[in-house]
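run_36.cif (mmCIF, C-alpha atoms and all ligand atoms)
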data_query
#
loop_
_atom_site.label_atom_id
_atom_site.label_comp_id
_atom_site.auth_asym_id
_atom_site.auth_seq_id
_atom_site.Cartn_x
_atom_site.Cartn_y
_atom_site.Cartn_z
CA MET A 1376 64.44 150.31 158.40
CA LYS A 1377 61.03 151.93 158.36
CA LEU A 1378 59.28 151.80 161.72
CA VAL A 1379 55.79 150.43 161.91
CA GLU A 1380 53.22 152.54 163.65
CA LEU A 1381 52.81 151.14 167.16
CA GLY A 1382 49.35 151.11 168.70
CA THR A 1383 48.12 150.50 172.24
CA GLU A 1384 47.90 146.75 171.52
CA ASP A 1385 51.66 146.82 170.83
CA LEU A 1386 52.40 148.78 173.99
CA ALA A 1387 50.39 146.26 175.99
CA ARG A 1388 52.53 143.48 174.51
CA TYR A 1389 55.86 145.31 174.51
CA PRO A 1390 55.61 147.71 177.48
CA PHE A 1391 59.39 148.09 177.84
CA LEU A 1392 59.40 150.40 174.79
CA ASP A 1393 59.98 154.12 175.31
CA GLU A 1394 56.52 154.78 173.90
CA THR A 1395 55.00 153.39 177.12
CA GLY A 1396 56.40 156.37 179.04
CA GLU A 1397 55.06 158.74 176.38
CA TYR A 1398 51.67 157.03 176.53
CA ILE A 1399 51.47 157.44 180.31
CA ARG A 1400 52.55 161.08 180.10
CA GLY A 1401 49.85 161.52 177.43
CA LEU A 1402 47.29 160.42 180.03
CA ASP A 1403 48.73 163.14 182.24
CA LEU A 1404 49.69 160.61 184.89
CA SER A 1405 52.85 159.91 186.80
CA VAL A 1406 53.84 156.41 187.95
CA GLU A 1407 53.24 157.51 191.56
CA GLU A 1408 49.68 158.50 190.64
CA ILE A 1409 48.95 155.13 189.04
CA THR A 1410 49.77 153.38 192.30
CA ARG A 1411 46.90 155.19 194.06
CA ALA A 1412 43.85 153.27 195.32
CA GLU A 1413 41.57 154.42 192.48
CA TYR A 1414 43.73 152.43 190.05
CA HIS A 1415 43.22 149.21 191.99
CA GLU A 1416 42.69 147.16 188.78
CA VAL A 1417 46.12 148.26 187.60
CA LEU A 1418 47.63 147.25 190.92
CA GLU A 1419 45.90 143.86 190.79
CA ARG A 1420 47.27 143.20 187.31
CA ALA A 1421 50.74 144.40 188.35
CA LYS A 1422 50.60 142.05 191.32
CA SER A 1423 49.54 139.07 189.21
CA ARG A 1424 52.32 139.87 186.73
CA VAL A 1425 54.85 139.75 189.52
CA ILE A 1426 53.47 136.74 191.40
CA ASP A 1427 53.20 134.68 188.18
CA ALA A 1428 56.76 135.62 187.29
CA LEU A 1429 58.05 134.50 190.68
CA LYS A 1430 56.00 131.35 191.05
CA LYS A 1431 55.79 130.08 187.47
CA GLY A 1432 58.66 131.86 185.75
CA THR A 1433 56.22 133.18 183.11
CA ILE A 1434 53.61 135.94 182.83
CA ALA A 1435 50.20 135.36 181.26
CA CYS A 1436 49.96 136.86 177.77
CA GLU A 1437 46.18 137.30 177.76
CA PHE A 1438 44.76 140.70 178.71
CA TYR A 1439 41.27 142.12 178.60
CA ASN A 1440 42.05 145.83 178.84
CA ARG A 1441 44.98 147.41 177.02
CA GLU A 1442 45.23 150.44 179.26
CA ILE A 1443 45.34 148.36 182.44
CA GLU A 1444 47.92 146.10 180.82
CA ILE A 1445 50.16 149.02 179.80
CA LEU A 1446 49.92 150.81 183.15
CA SER A 1447 50.50 147.63 185.12
CA PHE A 1448 54.06 147.28 183.80
CA PRO A 1449 55.58 150.38 185.45
CA VAL A 1450 53.62 149.60 188.63
CA ALA A 1451 55.06 146.06 188.62
CA LEU A 1452 58.54 147.59 188.31
CA VAL A 1453 57.85 149.80 191.34
CA LEU A 1454 56.74 146.77 193.38
CA ILE A 1455 59.70 144.65 192.31
CA LYS A 1456 62.17 147.44 193.04
CA ALA A 1457 60.66 147.89 196.50
CA THR A 1458 61.52 144.26 197.39
CA LYS A 1459 65.23 145.21 197.02
CA ILE A 1460 65.98 141.52 196.43
CA GLU A 1461 68.33 140.76 193.57
CA HIS A 1462 66.98 137.25 193.03
CA ILE A 1463 63.41 138.61 192.64
CA ILE A 1464 64.54 141.36 190.26
CA SER A 1465 66.28 138.89 187.94
CA ARG A 1466 63.49 136.35 188.00
CA TYR A 1467 60.91 139.00 187.17
CA ALA A 1468 62.98 140.47 184.32
CA LEU A 1469 63.41 137.03 182.80
CA ALA A 1470 59.68 136.28 182.94
CA GLU A 1471 58.87 139.62 181.24
CA ALA A 1472 61.43 138.86 178.54
CA LYS A 1473 59.89 135.42 177.99
CA ARG A 1474 56.45 136.99 177.66
CA VAL A 1475 57.77 139.28 174.94
CA GLU A 1476 59.37 136.27 173.23
CA THR A 1477 55.98 134.48 173.17
CA PHE A 1478 54.31 137.47 171.53
CA LEU A 1479 57.08 137.95 168.98
CA LEU A 1480 57.02 134.31 167.89
CA LYS A 1481 53.31 134.69 167.10
CA GLU A 1482 53.70 137.97 165.20
CA LYS A 1483 52.40 138.03 161.63
CA ARG A 1484 53.72 141.51 160.88
CA PRO A 1485 57.40 142.12 160.07
CA ILE A 1486 57.87 143.46 163.60
CA ILE A 1487 60.72 141.15 164.68
CA PRO A 1488 63.54 142.77 162.63
CA ILE A 1489 62.14 146.18 163.52
CA MET A 1490 62.13 145.39 167.23
CA PHE A 1491 65.61 143.91 166.88
CA GLU A 1492 66.88 147.15 165.42
CA ARG A 1493 65.11 149.21 168.08
CA VAL A 1494 66.44 147.18 171.00
CA LEU A 1495 69.88 146.06 169.85
CA ASN A 1496 70.60 148.93 167.50
CA ILE A 1497 71.53 146.42 164.80
CA GLU A 1498 69.65 146.23 161.54
CA PRO A 1499 69.10 142.63 160.44
CA ILE A 1500 69.40 142.40 156.65
CA LYS A 1501 67.11 140.11 154.67
CA ALA A 1502 69.10 137.10 153.45
CA ARG A 1503 69.33 136.49 149.73
CA ASP A 1504 67.12 133.91 148.01
CA GLY A 1505 68.21 130.34 148.56
CA PHE A 1506 68.86 130.62 152.29
CA ASP A 1507 65.15 130.60 153.05
CA ARG A 1508 64.92 126.82 152.56
CA LEU A 1509 67.27 126.60 155.60
CA HIS A 1510 65.01 129.14 157.38
CA LEU A 1511 67.95 131.54 157.43
CA GLU A 1512 65.89 134.63 156.72
CA TYR A 1513 68.28 137.33 158.01
CA LYS A 1514 71.92 138.14 158.46
CA ILE A 1515 73.63 140.22 161.14
CA PRO A 1516 77.24 141.47 161.35
CA LEU A 1517 79.69 138.79 162.51
CA VAL A 1518 81.08 141.00 165.29
CA ASP A 1519 77.61 141.55 166.75
CA PHE A 1520 76.80 137.87 166.51
CA LEU A 1521 80.01 136.88 168.32
CA LYS A 1522 79.45 139.38 171.10
CA ARG A 1523 76.09 137.83 171.90
CA ALA A 1524 76.39 134.16 170.91
CA VAL A 1525 78.89 133.59 173.71
CA GLN A 1526 76.05 133.58 176.24
CA PHE A 1527 74.39 130.54 174.61
CA HIS A 1528 75.76 127.11 175.14
CA THR A 1529 74.07 124.95 172.56
CA THR A 1530 76.40 123.97 169.74
CA SER A 1531 74.20 125.65 167.13
CA TRP A 1532 75.49 129.05 168.34
CA ARG A 1533 79.13 128.14 167.77
CA LEU A 1534 80.69 129.90 164.84
CA VAL A 1535 81.87 126.63 163.24
CA ASN A 1536 78.24 125.61 162.88
CA ARG A 1537 77.12 128.88 161.28
CA VAL A 1538 76.68 130.02 157.70
CA ILE A 1539 78.81 133.12 157.20
CA GLU A 1540 78.67 135.40 154.18
CA GLU A 1541 80.90 138.41 153.66
CA GLY A 1542 81.23 139.35 157.32
CA PHE A 1543 77.64 138.51 158.19
CA VAL A 1544 76.18 135.51 160.03
CA LEU A 1545 72.93 134.07 158.72
CA VAL A 1546 70.25 133.63 161.38
CA THR A 1547 66.70 132.35 161.62
CA THR A 1548 63.83 134.54 162.78
CA THR A 1549 63.59 132.40 165.93
CA GLU A 1550 67.25 133.14 166.67
CA LEU A 1551 66.62 136.88 166.26
CA VAL A 1552 63.86 136.54 168.85
CA ARG A 1553 66.14 134.57 171.20
CA LEU A 1554 68.77 137.31 170.98
CA LEU A 1555 66.07 139.89 171.57
CA ARG A 1556 64.87 138.05 174.66
CA GLU A 1557 68.32 138.20 176.22
CA GLU A 1558 68.64 141.89 175.46
CA ILE A 1559 65.19 142.68 176.84
CA TYR A 1560 65.99 140.69 179.98
CA GLU A 1561 69.16 142.75 180.49
CA MET A 1562 67.32 145.98 179.67
CA ILE A 1563 64.57 145.38 182.25
CA ARG A 1564 67.05 144.16 184.85
CA SER A 1565 69.32 147.16 184.48
CA ARG A 1566 66.33 149.53 184.44
CA LEU A 1567 65.25 148.02 187.75
CA LYS A 1568 68.73 148.15 189.21
CA SER A 1569 69.27 151.80 188.35
CA SER A 1570 65.79 153.03 189.37
CA SER A 1571 65.13 154.38 192.83
CA VAL A 1572 62.72 153.00 195.38
CA ILE A 1573 59.68 155.24 195.64
CA LYS A 1574 57.84 155.92 198.89
CA LEU A 1575 54.91 153.51 199.23
CA ASP A 1576 51.77 153.72 201.33
CA GLN A 1577 50.78 150.89 203.70
CA ARG A 1578 48.57 149.20 201.06
CA LEU A 1579 51.51 148.95 198.66
CA ARG A 1580 53.95 147.91 201.36
CA ASP A 1581 51.58 145.02 202.18
CA THR A 1582 51.61 144.06 198.50
CA VAL A 1583 55.40 144.09 198.48
CA ASP A 1584 55.44 141.82 201.57
CA GLU A 1585 53.04 139.48 199.80
CA ILE A 1586 55.38 139.38 196.80
CA ILE A 1587 58.39 138.59 198.96
CA ARG A 1588 56.47 135.74 200.60
CA ALA A 1589 55.51 134.36 197.17
CA ALA A 1590 59.09 134.29 195.90
CA PRO A 1591 60.77 130.89 195.81
CA PRO A 1592 63.44 130.54 198.49
CA ILE A 1593 66.76 131.99 197.55
CA PRO A 1594 69.09 129.07 196.89
CA ALA A 1595 71.61 128.58 199.64
CA LYS A 1596 74.74 130.36 198.53
CA PHE A 1597 78.07 128.74 198.90
CA GLY A 1598 79.80 132.02 199.40
CA ILE A 1599 80.07 133.18 195.80
CA PHE A 1600 82.96 135.55 195.73
CA SER A 1601 85.78 135.95 193.30
CA GLY A 1602 88.42 134.62 195.67
CA GLU A 1603 86.69 131.26 196.01
CA TYR A 1604 84.94 129.90 192.97
CA PRO A 1605 86.19 130.16 189.41
CA PRO A 1606 84.12 132.19 186.93
CA CYS A 1607 82.66 129.11 185.20
CA VAL A 1608 81.26 127.74 188.50
CA THR A 1609 80.11 131.20 189.61
CA LYS A 1610 78.28 131.59 186.28
CA ALA A 1611 76.41 128.30 186.80
CA LEU A 1612 75.46 129.38 190.34
CA GLU A 1613 74.28 132.78 189.14
CA LEU A 1614 72.10 131.21 186.45
CA LEU A 1615 70.57 128.93 189.08
CA GLU A 1616 70.05 131.81 191.48
CA THR A 1617 68.14 133.81 188.91
CA GLY A 1618 65.97 130.83 187.95
CA GLN A 1619 67.53 130.49 184.51
CA ASN A 1620 68.33 127.35 182.66
CA VAL A 1621 71.85 126.11 183.28
CA PRO A 1622 73.18 124.22 180.26
CA HIS A 1623 73.79 120.53 180.86
CA TYR A 1624 77.56 120.91 180.89
CA GLY A 1625 77.38 123.83 183.33
CA ARG A 1626 75.35 121.69 185.75
CA PHE A 1627 77.81 118.84 185.46
CA LEU A 1628 80.84 121.08 186.02
CA MET A 1629 79.25 122.93 188.96
CA THR A 1630 78.16 119.68 190.63
CA ALA A 1631 81.54 117.97 190.19
CA PHE A 1632 83.34 121.08 191.45
CA LEU A 1633 81.15 121.56 194.53
CA LEU A 1634 81.41 117.87 195.46
CA HIS A 1635 85.19 118.15 195.25
CA ALA A 1636 84.98 121.34 197.30
CA GLY A 1637 83.38 119.33 200.10
CA LYS A 1638 79.66 120.07 199.59
CA SER A 1639 77.13 117.30 200.16
CA VAL A 1640 74.61 115.95 197.65
CA ASP A 1641 71.81 117.63 199.65
CA ASN A 1642 73.69 120.95 199.73
CA ILE A 1643 73.80 120.88 195.93
CA ILE A 1644 70.17 119.83 195.45
CA ASP A 1645 69.16 122.75 197.69
CA LEU A 1646 70.47 125.08 195.00
CA TYR A 1647 67.90 123.99 192.42
CA PRO A 1648 64.31 124.67 193.56
CA GLY A 1649 64.31 128.18 192.01
CA VAL A 1650 64.60 126.62 188.55
CA PRO A 1651 61.18 126.43 186.84
CA ASP A 1652 61.64 122.83 185.57
CA PHE A 1653 63.07 121.54 188.86
CA LYS A 1654 62.33 117.87 189.52
CA GLU A 1655 63.96 116.73 192.73
CA ARG A 1656 64.03 113.01 191.82
CA VAL A 1657 65.83 113.65 188.53
CA THR A 1658 68.22 116.20 190.05
CA ARG A 1659 69.06 113.86 192.93
CA TYR A 1660 69.76 111.03 190.54
CA GLN A 1661 72.09 113.21 188.46
CA VAL A 1662 73.95 114.65 191.44
CA GLU A 1663 74.32 111.22 193.07
CA HIS A 1664 75.54 109.80 189.76
CA ILE A 1665 78.26 112.47 189.53
CA ALA A 1666 79.13 111.82 193.19
CA GLY A 1667 79.65 108.11 192.35
CA LEU A 1668 76.76 106.93 194.52
CA ARG A 1669 74.95 105.35 191.56
CA GLY A 1670 75.73 103.69 188.25
CA GLY A 1671 79.40 102.77 187.93
CA ARG A 1672 80.02 104.07 191.48
CA THR A 1673 82.94 106.16 190.33
CA ALA A 1674 82.91 109.82 191.27
CA TYR A 1675 83.48 112.11 188.30
CA SER A 1676 86.55 114.33 188.28
CA VAL A 1677 86.28 118.06 187.71
CA PRO A 1678 86.85 118.52 183.95
CA SER A 1679 89.89 120.39 182.71
CA CYS A 1680 89.68 124.01 181.58
CA ASN A 1681 90.29 122.85 178.00
CA THR A 1682 87.35 120.46 178.13
CA ILE A 1683 85.14 123.15 179.67
CA LEU A 1684 86.24 125.57 176.97
CA SER A 1685 85.41 123.09 174.22
CA ASN A 1686 81.98 122.65 175.82
CA ASN A 1687 81.48 126.40 175.67
CA PHE A 1688 81.24 126.98 179.42
CA CYS A 1689 84.52 128.80 180.13
CA PHE A 1690 84.12 132.39 181.36
CA ARG A 1691 87.82 133.03 181.90
CA ASN A 1692 88.92 136.19 183.66
CA HIS A 1693 92.38 137.41 184.65
CA ASN A 1694 92.24 135.46 187.94
CA CYS A 1695 92.24 132.20 185.98
CA GLY A 1696 95.85 132.85 184.92
CA THR A 1697 97.31 129.71 183.38
CA ILE A 1698 95.44 127.14 185.46
CA LYS A 1699 94.53 123.89 183.76
CA ASN A 1700 91.66 122.89 186.04
CA PRO A 1701 89.05 124.95 187.97
CA LEU A 1702 90.19 123.27 191.23
CA GLN A 1703 93.54 125.04 190.85
CA PHE A 1704 91.67 128.37 190.86
CA ARG A 1705 90.36 127.54 194.30
CA ARG A 1706 93.74 126.48 195.64
CA ARG A 1707 95.39 129.50 194.08
CA THR A 1708 92.95 132.02 195.56
CA LYS A 1709 92.90 130.21 198.92
CA LYS A 1710 96.67 130.53 199.07
CA ASN A 1711 96.44 134.26 198.32
CA SER A 1712 93.68 134.95 200.81
S1 LIG B 1 89.85 129.13 182.71
FE1 LIG B 1 89.19 127.30 183.75
S2 LIG B 1 88.59 128.00 185.77
FE2 LIG B 1 88.71 129.82 184.50
S3 LIG B 1 86.59 130.09 183.77
FE3 LIG B 1 87.67 128.87 182.24
S4 LIG B 1 87.24 126.78 182.78
FE4 LIG B 1 86.73 127.99 184.55
#

Could you spell out this file's structure in structure tokens?
Amino acid sequence: MKLVELGTEDLARYPFLDETGEYIRGLDLSVEEITRAEYHEVLERAKSRVIDALKKGTIACEFYNREIEILSFPVALVLIKATKIEHIISRYALAEAKRVETFLLKEKRPIIPIMFERVLNIEPIKARDGFDRLHLEYKIPLVDFLKRAVQFHTTSWRLVNRVIEEGFVLVTTTELVRLLREEIYEMIRSRLKSSSVIKLDQRLRDTVDEIIRAAPPIPAKFGIFSGEYPPCVTKALELLETGQNVPHYGRFLMTAFLLHAGKSVDNIIDLYPGVPDFKERVTRYQVEHIAGLRGGRTAYSVPSCNTILSNNFCFRNHNCGTIKNPLQFRRRTKKNS
């Protein structure tokens, strides 16, 4: 697919692209140099990027100066890395990915399939006439779709609900963008994880402290380790920890499991405040309902592995063996520990 020419406006919107590095080198600057006091506007924008990401879960899309916007991205990465806090790294990466998603959904140019090919190394093919009335504008190879659809839990991503044609799955442009968002999130997160912490002066160390103070409290962990919680429950906890949306069924399973594992309603509610749409009253009602303190006053059982699988929230690994219920995973690993 022919690449469009990317300008500085594009780099300001999509700063994770390799061209950002080339652009900065073209200015004859290193990332360390951009963090110096004379680039205070860049530092201010980098700081607001990070603080917005941590507090609101999103990053403002408006910018008044392309160069400041472009340079602020690598500086924000330096600041985030310096916190050395996993929860902050994930939350920031997700907010950057959401910002990109907002831009892409407003794009008039055919940049979405191009970006998809650049980032995922998969070329989406234009769907044939007739599919457009279903908004199925593109198709991607079945194997690539399957590899990625597993991370989504709404039924529309299940293969039985998809249109398949000769080894390809038809997708909407919005779905291409959703897949891109996940990939960009992973890309930024792994870039942060593999980068090294650079030496910061006192001014920057103060900024990092400010960032750490602005971060929402890390949800109380219930000792997530492979010998204790099954992969499905661990997945729900990880999504919560990184401020991501946990699908309805994942929340139900996690809550039922933790209640059966002896955690209190308050213990479980304490896990949620990192989630952007957290509403304590609603969460409390739901948790108390599952605990049998409201409604029919019957505590819900932990669903079977089969039921969890059919609700698309099973993340089986070899430790699951042949268990029929996640509670058996706990007993099994307890026995072995
Ligand atoms: S097999 Fe059961 S315990 Fe293991 S991840 Fe799937 S649902 Fe959870």

Can you tell me how far CA of Ala1611 in chain A sits from CA of Thr1547 in chain A, in Å to one decimal?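 Answer for the CA of Ala1611 in chain A to CA of Thr1547 in chain A separation: 27.3 Å.
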
Could you list the protein, DNA and RNA residues that have any atom within 10 Å of ligand LIG 1 (chain B), counting all atoms listed in the file, and write them as a ChimeraX atom specification? /A:1604-1610,1628,1678-1705

Near-Ile1539 in chain A list (12 Å; all atoms listed in the file; drop same-chain fewer than 4 positions) as a PDB file with C-alpha atoms, in the frame of the given file:
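Done, and the output landed in part_8.pdb:
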ATOM      1  CA  ALA A1502      69.100 137.100 153.450  1.00  0.00           C
ATOM      2  CA  PHE A1506      68.860 130.620 152.290  1.00  0.00           C
ATOM      3  CA  LEU A1511      67.950 131.540 157.430  1.00  0.00           C
ATOM      4  CA  TYR A1513      68.280 137.330 158.010  1.00  0.00           C
ATOM      5  CA  LYS A1514      71.920 138.140 158.460  1.00  0.00           C
ATOM      6  CA  ILE A1515      73.630 140.220 161.140  1.00  0.00           C
ATOM      7  CA  PRO A1516      77.240 141.470 161.350  1.00  0.00           C
ATOM      8  CA  LEU A1517      79.690 138.790 162.510  1.00  0.00           C
ATOM      9  CA  VAL A1518      81.080 141.000 165.290  1.00  0.00           C
ATOM     10  CA  PHE A1520      76.800 137.870 166.510  1.00  0.00           C
ATOM     11  CA  LEU A1521      80.010 136.880 168.320  1.00  0.00           C
ATOM     12  CA  ARG A1533      79.130 128.140 167.770  1.00  0.00           C
ATOM     13  CA  LEU A1534      80.690 129.900 164.840  1.00  0.00           C
ATOM     14  CA  VAL A1535      81.870 126.630 163.240  1.00  0.00           C
ATOM     15  CA  PHE A1543      77.640 138.510 158.190  1.00  0.00           C
ATOM     16  CA  VAL A1544      76.180 135.510 160.030  1.00  0.00           C
ATOM     17  CA  LEU A1545      72.930 134.070 158.720  1.00  0.00           C
ATOM     18  CA  VAL A1546      70.250 133.630 161.380  1.00  0.00           C
TER      19      VAL A1546
END

Got a sec: who's within 9 Å of Phe1391 in chain A, counting all atoms listed in the file, leaving out chain neighbours fewer than 2 positions off, as number ranges by chain? A: 1386, 1388-1389, 1393-1396, 1448-1449, 1559, 1562-1563

Excluding range 1461-1475 of chain A and residues on its chain fewer than 5 positions from it, collect all residues at most 7 Å away from it, counting all atoms listed in the file, and give them as a PDB file with C-alpha atoms, in the coordinates of the input.
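Output below, filename result01.pdb:
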ATOM      1  CA  ARG A1388      52.530 143.480 174.510  1.00  0.00           C
ATOM      2  CA  TYR A1389      55.860 145.310 174.510  1.00  0.00           C
ATOM      3  CA  VAL A1425      54.850 139.750 189.520  1.00  0.00           C
ATOM      4  CA  ALA A1428      56.760 135.620 187.290  1.00  0.00           C
ATOM      5  CA  LEU A1429      58.050 134.500 190.680  1.00  0.00           C
ATOM      6  CA  GLY A1432      58.660 131.860 185.750  1.00  0.00           C
ATOM      7  CA  THR A1433      56.220 133.180 183.110  1.00  0.00           C
ATOM      8  CA  ILE A1434      53.610 135.940 182.830  1.00  0.00           C
ATOM      9  CA  CYS A1436      49.960 136.860 177.770  1.00  0.00           C
ATOM     10  CA  ILE A1455      59.700 144.650 192.310  1.00  0.00           C
ATOM     11  CA  ARG A1556      64.870 138.050 174.660  1.00  0.00           C
ATOM     12  CA  ILE A1559      65.190 142.680 176.840  1.00  0.00           C
ATOM     13  CA  TYR A1560      65.990 140.690 179.980  1.00  0.00           C
ATOM     14  CA  ILE A1563      64.570 145.380 182.250  1.00  0.00           C
ATOM     15  CA  ARG A1564      67.050 144.160 184.850  1.00  0.00           C
ATOM     16  CA  ALA A1590      59.090 134.290 195.900  1.00  0.00           C
ATOM     17  CA  ILE A1593      66.760 131.990 197.550  1.00  0.00           C
ATOM     18  CA  GLU A1616      70.050 131.810 191.480  1.00  0.00           C
ATOM     19  CA  THR A1617      68.140 133.810 188.910  1.00  0.00           C
ATOM     20  CA  GLY A1618      65.970 130.830 187.950  1.00  0.00           C
TER      21      GLY A1618
END

Quick one: distance from CA of Thr1630 in chain A to CA of Ala1666 in chain A in Å, one decimal?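 Separation between CA of Thr1630 in chain A and CA of Ala1666 in chain A: 8.3 Å.
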
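Nearest-residue note for Gly1625 in chain A: choosing from A:Lys1638, A:Val1677, A:Tyr1439, A:Arg1537, the minimum distance belongs to A:Val1677, counting only C-alpha atoms.
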
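Picture a line from CA of Glu1437 in chain A to CA of Glu1482 in chain A; it runs 14.7 Å.
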
Shell of 9 Å around Thr1548 in chain A, only C-alpha atoms, local chain residues under 5 positions omitted, as a list in words: Leu1480, Ile1487, Pro1488, His1510, Leu1511, Glu1512, Tyr1513 and Arg1553 of chain A

Taking all atoms listed in the file into account, which of A:Lys1456, A:His1635, A:Lys1522, A:His1664 comes nearest Ile1573 in chain A?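 Ranked by minimum distance to Ile1573 in chain A, first place goes to A:Lys1456.
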
Check the smallest atom-to-atom distance from each of A:Val1621, A:Ile1426, A:Met1490, A:Ile1643 to Leu1555 in chain A using all atoms listed in the file, then report the winner.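 Smallest separation from Leu1555 in chain A among the options: A:Met1490.
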